[in-house]
Protein chains: 2
Amino acid sequence: MDIINWIGTLAGVFTTIAFIPQVAKTWKTRSAGDISLLMFLLFSSGVLLWLIYGVLLQAMPIIVANGITLSLSASILVMKIKDLRAQRRRQLAADQRTL
Amino acid sequence: MDIINWIGTLAGVFTTIAFIPQVAKTWKTRSAGDISLLMFLLFSSGVLLWLIYGVLLQAMPIIVANGITLSLSASILVMKIKDLRAQRRRQLAADQRTL
């Protein structure tokens with residue numbers, strides 16, 4: 001493999017594993033208030049499209065990298081939605097106490 | 001442009017613009033506590049490598065998409081580091097009050 005392919009492979013590894021510490025942090029703290037819902041909605045949709053693109057081209061590196069990234073970014077999205085729901089429940093409970 | 005190229009282009013647009021709402025949110029709230037520093041360090045490094053890869057291949061779509069993504073993801077990284085520093089200053093001030 002030449003130097004250009006090595007750089008591309010390293011780039012793919014970095015942008016894929018980058019999501020692991022965010023999944024770990026959000027899982028541990030159960031807090032996602034500073035994370036943008038729209039970011040992870042758009043990003044997960046984009047990565048799903050990359051995955052479809054890879055399947056249509058039968059390009060295994062694109063399929064593998066985007067399959068892993070999709071599972072990580074979708075996990076963050078699910079935790080963000082759960083956090084929003086928990087926040088809404090707390091708000092509702094607080095509103096009922098003031099009634 | 002055939003359907004496969006359209007899907008790839010749409011995928012690239014989605015994964016690039018996804019970072020705009022996160023930049024906007026972090027800028028507005030000045031709060032980045034739930035964001036993983038390591039995620040944006042790894043992601044920005046990976047995107048920089050993609051940019052170098054695109055320059056070496058002289059592939060304009062890779063250069064443009066990753067140039068935009070790098071500027072957005074580096075902005076989030078800078079805001080996260082500023083937030084960490086502000087947090088440390090607040091902690092130091094609180095420690096001095098208790099001395």
# chains A, B, ... in the order shown; residues from 1 in each chain; ligands from 1
call {"tool": "residues_around", "arguments": {"residues": "stretch 6-11 of chain B", "least_positions_apart": "5", "cutoff": "10 Å", "atoms": "only C-alpha atoms", "output": "list in words"}}
result
Leu42, Phe43, Ser44, Ser45, Gly46, Val47, Leu48, Leu49, Trp50, Leu51, Ile52, Tyr53, Gly54 and Leu56 of chain A; Met1, Thr16, Pro61 and Ala65 of chain B
call {"tool": "write_last_selection", "arguments": {"atoms": "N, CA and C atoms", "output": "mmCIF file, in the first residue's frame"}}
result
data_model
loop_
_atom_site.group_PDB
_atom_site.id
_atom_site.type_symbol
_atom_site.label_atom_id
_atom_site.label_comp_id
_atom_site.auth_asym_id
_atom_site.auth_seq_id
_atom_site.Cartn_x
_atom_site.Cartn_y
_atom_site.Cartn_z
ATOM 1 N N LEU A 42 -28.631 14.758 11.326
ATOM 2 C CA LEU A 42 -28.050 14.974 9.993
ATOM 3 C C LEU A 42 -26.873 14.033 9.764
ATOM 4 N N PHE A 43 -26.007 13.897 10.783
ATOM 5 C CA PHE A 43 -24.801 13.076 10.628
ATOM 6 C C PHE A 43 -25.162 11.607 10.421
ATOM 7 N N SER A 44 -26.094 11.100 11.253
ATOM 8 C CA SER A 44 -26.488 9.693 11.114
ATOM 9 C C SER A 44 -27.151 9.442 9.748
ATOM 10 N N SER A 45 -27.977 10.398 9.283
ATOM 11 C CA SER A 45 -28.598 10.253 7.951
ATOM 12 C C SER A 45 -27.526 10.221 6.875
ATOM 13 N N GLY A 46 -26.530 11.113 6.999
ATOM 14 C CA GLY A 46 -25.444 11.167 6.023
ATOM 15 C C GLY A 46 -24.644 9.863 5.991
ATOM 16 N N VAL A 47 -24.348 9.327 7.181
ATOM 17 C CA VAL A 47 -23.562 8.092 7.258
ATOM 18 C C VAL A 47 -24.371 6.913 6.706
ATOM 19 N N LEU A 48 -25.705 6.939 6.930
ATOM 20 C CA LEU A 48 -26.576 5.904 6.338
ATOM 21 C C LEU A 48 -26.505 5.965 4.809
ATOM 22 N N LEU A 49 -26.503 7.196 4.273
ATOM 23 C CA LEU A 49 -26.381 7.362 2.815
ATOM 24 C C LEU A 49 -25.022 6.867 2.319
ATOM 25 N N TRP A 50 -23.937 7.145 3.088
ATOM 26 C CA TRP A 50 -22.603 6.617 2.727
ATOM 27 C C TRP A 50 -22.620 5.090 2.695
ATOM 28 N N LEU A 51 -23.354 4.506 3.658
ATOM 29 C CA LEU A 51 -23.436 3.047 3.738
ATOM 30 C C LEU A 51 -24.153 2.489 2.493
ATOM 31 N N ILE A 52 -25.272 3.124 2.121
ATOM 32 C CA ILE A 52 -26.014 2.715 0.921
ATOM 33 C C ILE A 52 -25.124 2.855 -0.321
ATOM 34 N N TYR A 53 -24.380 3.982 -0.369
ATOM 35 C CA TYR A 53 -23.438 4.246 -1.457
ATOM 36 C C TYR A 53 -22.405 3.112 -1.553
ATOM 37 N N GLY A 54 -21.853 2.718 -0.406
ATOM 38 C CA GLY A 54 -20.871 1.634 -0.358
ATOM 39 C C GLY A 54 -21.451 0.304 -0.811
ATOM 40 N N LEU A 56 -24.055 -0.097 -2.851
ATOM 41 C CA LEU A 56 -24.314 -0.015 -4.299
ATOM 42 C C LEU A 56 -23.024 -0.176 -5.101
ATOM 43 N N MET B 1 -25.241 12.844 -13.992
ATOM 44 C CA MET B 1 -24.742 12.108 -12.803
ATOM 45 C C MET B 1 -25.717 10.973 -12.484
ATOM 46 N N THR B 16 -21.284 16.828 6.135
ATOM 47 C CA THR B 16 -20.546 18.092 6.251
ATOM 48 C C THR B 16 -21.372 19.139 7.001
ATOM 49 N N PRO B 61 -13.520 17.312 -4.776
ATOM 50 C CA PRO B 61 -14.647 17.086 -3.859
ATOM 51 C C PRO B 61 -14.187 16.710 -2.449
ATOM 52 N N ALA B 65 -15.116 19.222 0.716
ATOM 53 C CA ALA B 65 -15.940 18.685 1.808
ATOM 54 C C ALA B 65 -15.161 18.659 3.117
#
call {"tool": "residues_around", "arguments": {"residues": "stretch 22-35 of chain B", "least_positions_apart": "3", "cutoff": "6 Å", "atoms": "only C-alpha atoms", "output": "list in words"}}
result
Ala32, Asp34, Ser36 and Met39 of chain A; Phe19, Ile76 and Lys80 of chain B
call {"tool": "atom_distance", "arguments": {"atom1": "atom CA of A:Arg90", "atom2": "atom CA of A:Pro21"}}
result
27.3 Å
call {"tool": "atom_distance", "arguments": {"atom1": "atom CA of B:Leu77", "atom2": "atom CA of A:Ala18"}}
result
12.6 Å
call {"tool": "atom_distance", "arguments": {"atom1": "atom CA of B:Ser75", "atom2": "atom CA of B:Phe14"}}
result
18.1 Å
call {"tool": "closest_residue", "arguments": {"among": "A:Ile3, A:Val13, A:Ala59, A:Leu37", "to": "A:Ser73", "atoms": "only C-alpha atoms"}}
result
A:Leu37
call {"tool": "closest_residue", "arguments": {"among": "B:Asn66, B:Thr15, B:Gln91, B:Gln58", "to": "chain A", "atoms": "only C-alpha atoms"}}
result
B:Thr15
